[in-house]
>>> print(open('my_file.cif').read())   # mmCIF, C-alpha atoms; chains and numbers go by the auth columns
data_input
loop_
_atom_site.group_PDB
_atom_site.id
_atom_site.type_symbol
_atom_site.label_atom_id
_atom_site.label_comp_id
_atom_site.label_asym_id
_atom_site.label_seq_id
_atom_site.Cartn_x
_atom_site.Cartn_y
_atom_site.Cartn_z
_atom_site.B_iso_or_equiv
_atom_site.auth_seq_id
_atom_site.auth_asym_id
ATOM 1 C CA MET A 1 57.282 -24.060 -2.819 0.00 1 V
ATOM 2 C CA ARG A 2 56.193 -21.078 -0.831 0.00 2 V
ATOM 3 C CA LEU A 3 55.501 -17.779 -2.585 0.00 3 V
ATOM 4 C CA PRO A 4 55.781 -14.391 -0.870 0.00 4 V
ATOM 5 C CA PRO A 5 52.575 -12.672 0.148 0.00 5 V
ATOM 6 C CA VAL A 6 51.058 -10.130 -2.188 0.00 6 V
ATOM 7 C CA ILE A 7 49.818 -6.750 -1.055 0.00 7 V
ATOM 8 C CA VAL A 8 46.608 -5.260 -2.407 0.00 8 V
ATOM 9 C CA ARG A 9 47.124 -1.628 -1.498 0.00 9 V
ATOM 10 C CA ALA A 10 44.248 0.204 0.147 0.00 10 V
ATOM 11 C CA GLY A 11 44.166 2.846 -2.608 0.00 11 V
ATOM 12 C CA ASN A 12 43.718 0.170 -5.281 0.00 12 V
ATOM 13 C CA ARG A 13 41.135 -2.004 -3.590 0.00 13 V
ATOM 14 C CA GLU A 14 38.090 -0.017 -4.685 0.00 14 V
ATOM 15 C CA LYS A 15 39.346 0.458 -8.247 0.00 15 V
ATOM 16 C CA ASP A 16 41.000 -2.891 -8.979 0.00 16 V
ATOM 17 C CA TYR A 17 40.509 -5.640 -6.428 0.00 17 V
ATOM 18 C CA TYR A 18 36.852 -5.398 -5.365 0.00 18 V
ATOM 19 C CA PRO A 19 35.401 -5.129 -8.900 0.00 19 V
ATOM 20 C CA LEU A 20 37.390 -8.209 -9.962 0.00 20 V
ATOM 21 C CA LEU A 21 36.346 -10.097 -6.859 0.00 21 V
ATOM 22 C CA ASP A 22 32.717 -9.128 -7.444 0.00 22 V
ATOM 23 C CA GLY A 23 32.956 -10.136 -11.110 0.00 23 V
ATOM 24 C CA TYR A 24 34.327 -13.517 -10.109 0.00 24 V
ATOM 25 C CA ALA A 25 31.488 -14.036 -7.636 0.00 25 V
ATOM 26 C CA LYS A 26 28.879 -13.167 -10.277 0.00 26 V
ATOM 27 C CA THR A 27 30.327 -14.833 -13.384 0.00 27 V
ATOM 28 C CA ASP A 28 32.709 -17.471 -12.008 0.00 28 V
ATOM 29 C CA ARG A 29 35.427 -16.006 -14.306 0.00 29 V
ATOM 30 C CA TYR A 30 38.753 -15.535 -12.628 0.00 30 V
ATOM 31 C CA ASP A 31 40.980 -14.312 -15.486 0.00 31 V
ATOM 32 C CA GLY A 32 41.003 -10.680 -14.299 0.00 32 V
ATOM 33 C CA MET A 33 41.734 -11.677 -10.718 0.00 33 V
ATOM 34 C CA SER A 34 44.484 -14.015 -11.933 0.00 34 V
ATOM 35 C CA ARG A 35 46.119 -11.177 -13.893 0.00 35 V
ATOM 36 C CA LEU A 36 45.985 -8.831 -10.909 0.00 36 V
ATOM 37 C CA LEU A 37 47.431 -11.409 -8.515 0.00 37 V
ATOM 38 C CA ALA A 38 50.153 -12.322 -11.033 0.00 38 V
ATOM 39 C CA LEU A 39 51.221 -8.651 -11.281 0.00 39 V
ATOM 40 C CA LEU A 40 51.195 -8.272 -7.502 0.00 40 V
ATOM 41 C CA LEU A 41 53.214 -11.470 -7.118 0.00 41 V
ATOM 42 C CA GLN A 42 55.774 -10.243 -9.658 0.00 42 V
ATOM 43 C CA GLU A 43 56.096 -6.984 -7.753 0.00 43 V
ATOM 44 C CA SER A 44 56.512 -8.845 -4.482 0.00 44 V
ATOM 45 C CA LEU A 45 59.223 -11.054 -5.975 0.00 45 V
ATOM 46 C CA HIS A 46 61.041 -8.051 -7.494 0.00 46 V
ATOM 47 C CA LYS A 47 60.990 -6.378 -4.096 0.00 47 V
ATOM 48 C CA ARG A 48 62.413 -9.383 -2.266 0.00 48 V
ATOM 49 C CA ILE A 49 65.092 -10.042 -4.876 0.00 49 V
ATOM 50 C CA ALA A 50 66.208 -6.385 -4.895 0.00 50 V
ATOM 51 C CA LEU A 51 66.278 -6.093 -1.119 0.00 51 V
ATOM 52 C CA LEU A 52 68.225 -9.338 -0.754 0.00 52 V
ATOM 53 C CA THR A 53 70.721 -8.933 -3.591 0.00 53 V
ATOM 54 C CA SER A 54 71.174 -5.239 -4.348 0.00 54 V
ATOM 55 C CA PRO A 55 73.468 -3.079 -2.219 0.00 55 V
ATOM 56 C CA HIS A 56 70.908 -0.272 -2.572 0.00 56 V
ATOM 57 C CA VAL A 57 67.584 0.556 -4.126 0.00 57 V
ATOM 58 C CA VAL A 58 66.725 3.899 -5.685 0.00 58 V
ATOM 59 C CA PRO A 59 63.514 5.791 -6.385 0.00 59 V
ATOM 60 C CA LEU A 60 62.110 4.944 -9.791 0.00 60 V
ATOM 61 C CA SER A 61 61.974 8.637 -10.718 0.00 61 V
ATOM 62 C CA GLY A 62 65.750 8.981 -10.256 0.00 62 V
ATOM 63 C CA TRP A 63 66.386 5.790 -12.212 0.00 63 V
ATOM 64 C CA ALA A 64 64.152 7.039 -15.035 0.00 64 V
ATOM 65 C CA GLU A 65 65.915 10.390 -15.159 0.00 65 V
ATOM 66 C CA ALA A 66 69.331 8.705 -15.304 0.00 66 V
ATOM 67 C CA TYR A 67 68.226 6.617 -18.279 0.00 67 V
ATOM 68 C CA GLY A 68 66.359 9.394 -20.086 0.00 68 V
ATOM 69 C CA ILE A 69 62.906 7.899 -19.502 0.00 69 V
ATOM 70 C CA ARG A 70 59.967 10.125 -18.643 0.00 70 V
ATOM 71 C CA PRO A 71 58.801 9.445 -15.072 0.00 71 V
ATOM 72 C CA ALA A 72 55.222 8.743 -16.223 0.00 72 V
ATOM 73 C CA VAL A 73 56.501 6.140 -18.697 0.00 73 V
ATOM 74 C CA ALA A 74 58.624 4.509 -15.991 0.00 74 V
ATOM 75 C CA ALA A 75 55.658 4.444 -13.606 0.00 75 V
ATOM 76 C CA ASN A 76 53.496 2.833 -16.303 0.00 76 V
ATOM 77 C CA LYS A 77 56.181 0.194 -16.901 0.00 77 V
ATOM 78 C CA ALA A 78 56.337 -0.435 -13.149 0.00 78 V
ATOM 79 C CA LYS A 79 52.556 -0.879 -12.890 0.00 79 V
ATOM 80 C CA ARG A 80 52.642 -3.372 -15.771 0.00 80 V
ATOM 81 C CA GLN A 81 55.750 -5.011 -14.250 0.00 81 V
ATOM 82 C CA THR A 82 57.738 -4.789 -17.476 0.00 82 V
ATOM 83 C CA ILE A 83 60.636 -3.488 -15.368 0.00 83 V
ATOM 84 C CA PRO A 84 61.633 -4.958 -11.969 0.00 84 V
ATOM 85 C CA ALA A 85 60.169 -2.111 -9.933 0.00 85 V
ATOM 86 C CA PHE A 86 58.330 -2.392 -6.641 0.00 86 V
ATOM 87 C CA ARG A 87 56.626 -0.182 -4.098 0.00 87 V
ATOM 88 C CA LEU A 88 58.274 0.527 -0.795 0.00 88 V
ATOM 89 C CA ARG A 89 56.200 2.639 1.566 0.00 89 V
ATOM 90 C CA ASN A 90 53.928 3.635 -1.343 0.00 90 V
ATOM 91 C CA ARG A 91 56.833 4.838 -3.489 0.00 91 V
ATOM 92 C CA TRP A 92 58.038 3.095 -6.652 0.00 92 V
ATOM 93 C CA MET A 93 61.621 1.858 -6.273 0.00 93 V
ATOM 94 C CA ILE A 94 64.049 -0.194 -8.344 0.00 94 V
ATOM 95 C CA SER A 95 67.360 -1.937 -7.781 0.00 95 V
ATOM 96 C CA GLY A 96 70.258 0.485 -7.955 0.00 96 V
ATOM 97 C CA ASP A 97 72.728 -2.046 -9.350 0.00 97 V
ATOM 98 C CA ASP A 98 73.024 -0.365 -12.746 0.00 98 V
ATOM 99 C CA PHE A 99 72.519 3.148 -11.455 0.00 99 V
#
>>> encode(input="my_file.cif", output="structure tokens")
Amino acid sequence: MRLPPVIVRAGNREKDYYPLLDGYAKTDRYDGMSRLLALLLQESLHKRIALLTSPHVVPLSGWAEAYGIRPAVAANKAKRQTIPAFRLRNRWMISGDDF
């Protein structure tokens, strides 16, 4: 089975990726790196599924407004991947199927 590539965004490398990579090199613990890669993989899968199956995708902010969710709450859910959101050109998006 082949998984889609994950993207570690340039803006998050210094804050998220490099400290975890450094921690792994120093302590041989990979749990933090595993969590980060799992979230990035989920996002990558959500993106591919939405782009392949949904007739359109919408900005997460518009989706949140339509469902009465504060944009900051929706963005937090997207970052934790508790909703099937993904970044497209550095903007959070979501499938527009239910929109």
>>> axis_aligned_box(input="my_file.cif", around="range 66-77 of chain V", padding_each_side="8 Å", output="JSON")
{"center_x": 61.4, "center_y": 5.2, "center_z": -16.8, "size_x": 31.8, "size_y": 25.9, "size_z": 22.5}
>>> closest_residue(input="my_file.cif", among="V:Ala72, V:Ala66, V:Leu60, V:Val6", to="Glu43 in chain V", atoms="only C-alpha atoms")
V:Val6
>>> closest_residue(input="my_file.cif", among="V:Ser54, V:Gln81, V:Asn90, V:Ser95", to="Ala38 in chain V", atoms="only C-alpha atoms")
V:Gln81
>>> resolve_selection(input="my_file.cif", expression="the PyMOL selection byres ((chain V and resi 20) around 10)", output="PyMOL selection string")
chain V and resi 13-19+21-26+29-34+36
>>> residues_around(input="my_file.cif", residues="Pro84 in chain V", least_positions_apart="5", cutoff="9 Å", atoms="all atoms listed in the file", output="list in words")
Gln42, Glu43, Leu45, His46, Lys47, Ala50, Lys77, Ala78, Met93, Ile94 and Ser95 of chain V
>>> atom_distance(input="my_file.cif", atom1="CA of Ala10 in chain V", atom2="CA of Leu41 in chain V")
16.4 Å
>>> atom_distance(input="my_file.cif", atom1="CA of Val8 in chain V", atom2="CA of Val73 in chain V")
22.2 Å
>>> atom_distance(input="my_file.cif", atom1="CA of Lys79 in chain V", atom2="CA of Leu51 in chain V")
18.8 Å
>>> closest_residue(input="my_file.cif", among="V:Asp97, V:Ala64, V:Arg70, V:Leu37", to="Ile49 in chain V", atoms="all atoms listed in the file")
V:Asp97
>>> closest_residue(input="my_file.cif", among="V:Leu3, V:Leu88, V:Ala74, V:Leu40", to="Val57 in chain V", atoms="all atoms listed in the file")
V:Leu88
>>> closest_residue(input="my_file.cif", among="V:Pro71, V:Met1, V:Glu65, V:Arg9", to="Arg89 in chain V", atoms="only C-alpha atoms")
V:Arg9
>>> build_atoms(input="my_file.cif", residues="range 69-87 of chain V", atoms="N, CA and C atoms", output="compact mmCIF listing (two decimals), keeping the file's coordinate frame")
# COMPACT_ATOMS: atom_id res chain seq x y z
N ILE V 69 64.29 8.37 -19.36
CA ILE V 69 62.91 7.90 -19.50
C ILE V 69 62.01 8.86 -18.74
N ARG V 70 60.92 9.25 -19.35
CA ARG V 70 59.97 10.12 -18.64
C ARG V 70 59.42 9.40 -17.41
N PRO V 71 59.29 10.09 -16.29
CA PRO V 71 58.80 9.44 -15.07
C PRO V 71 57.44 8.75 -15.24
N ALA V 72 56.54 9.36 -16.01
CA ALA V 72 55.22 8.74 -16.22
C ALA V 72 55.34 7.43 -16.99
N VAL V 73 56.28 7.37 -17.94
CA VAL V 73 56.50 6.14 -18.70
C VAL V 73 57.08 5.07 -17.78
N ALA V 74 58.03 5.46 -16.93
CA ALA V 74 58.62 4.51 -15.99
C ALA V 74 57.57 3.99 -15.02
N ALA V 75 56.71 4.87 -14.54
CA ALA V 75 55.66 4.44 -13.61
C ALA V 75 54.69 3.47 -14.29
N ASN V 76 54.37 3.73 -15.55
CA ASN V 76 53.50 2.83 -16.30
C ASN V 76 54.15 1.47 -16.47
N LYS V 77 55.45 1.46 -16.77
CA LYS V 77 56.18 0.19 -16.90
C LYS V 77 56.19 -0.55 -15.56
N ALA V 78 56.34 0.18 -14.48
CA ALA V 78 56.34 -0.44 -13.15
C ALA V 78 54.98 -1.06 -12.84
N LYS V 79 53.91 -0.35 -13.15
CA LYS V 79 52.56 -0.88 -12.89
C LYS V 79 52.28 -2.14 -13.70
N ARG V 80 52.83 -2.18 -14.93
CA ARG V 80 52.64 -3.37 -15.77
C ARG V 80 53.68 -4.45 -15.48
N GLN V 81 54.66 -4.11 -14.62
CA GLN V 81 55.75 -5.01 -14.25
C GLN V 81 56.60 -5.44 -15.44
N THR V 82 56.83 -4.51 -16.36
CA THR V 82 57.74 -4.79 -17.48
C THR V 82 59.16 -4.37 -17.12
N ILE V 83 59.33 -3.73 -15.96
CA ILE V 83 60.64 -3.49 -15.37
C ILE V 83 60.56 -4.00 -13.93
N PRO V 84 61.68 -4.35 -13.31
CA PRO V 84 61.63 -4.96 -11.97
C PRO V 84 61.47 -3.93 -10.84
N ALA V 85 60.44 -3.13 -10.93
CA ALA V 85 60.17 -2.11 -9.93
C ALA V 85 59.20 -2.65 -8.89
N PHE V 86 59.20 -1.99 -7.74
CA PHE V 86 58.33 -2.39 -6.64
C PHE V 86 58.03 -1.18 -5.78
N ARG V 87 56.98 -1.28 -4.99
CA ARG V 87 56.63 -0.18 -4.10
C ARG V 87 57.19 -0.46 -2.70
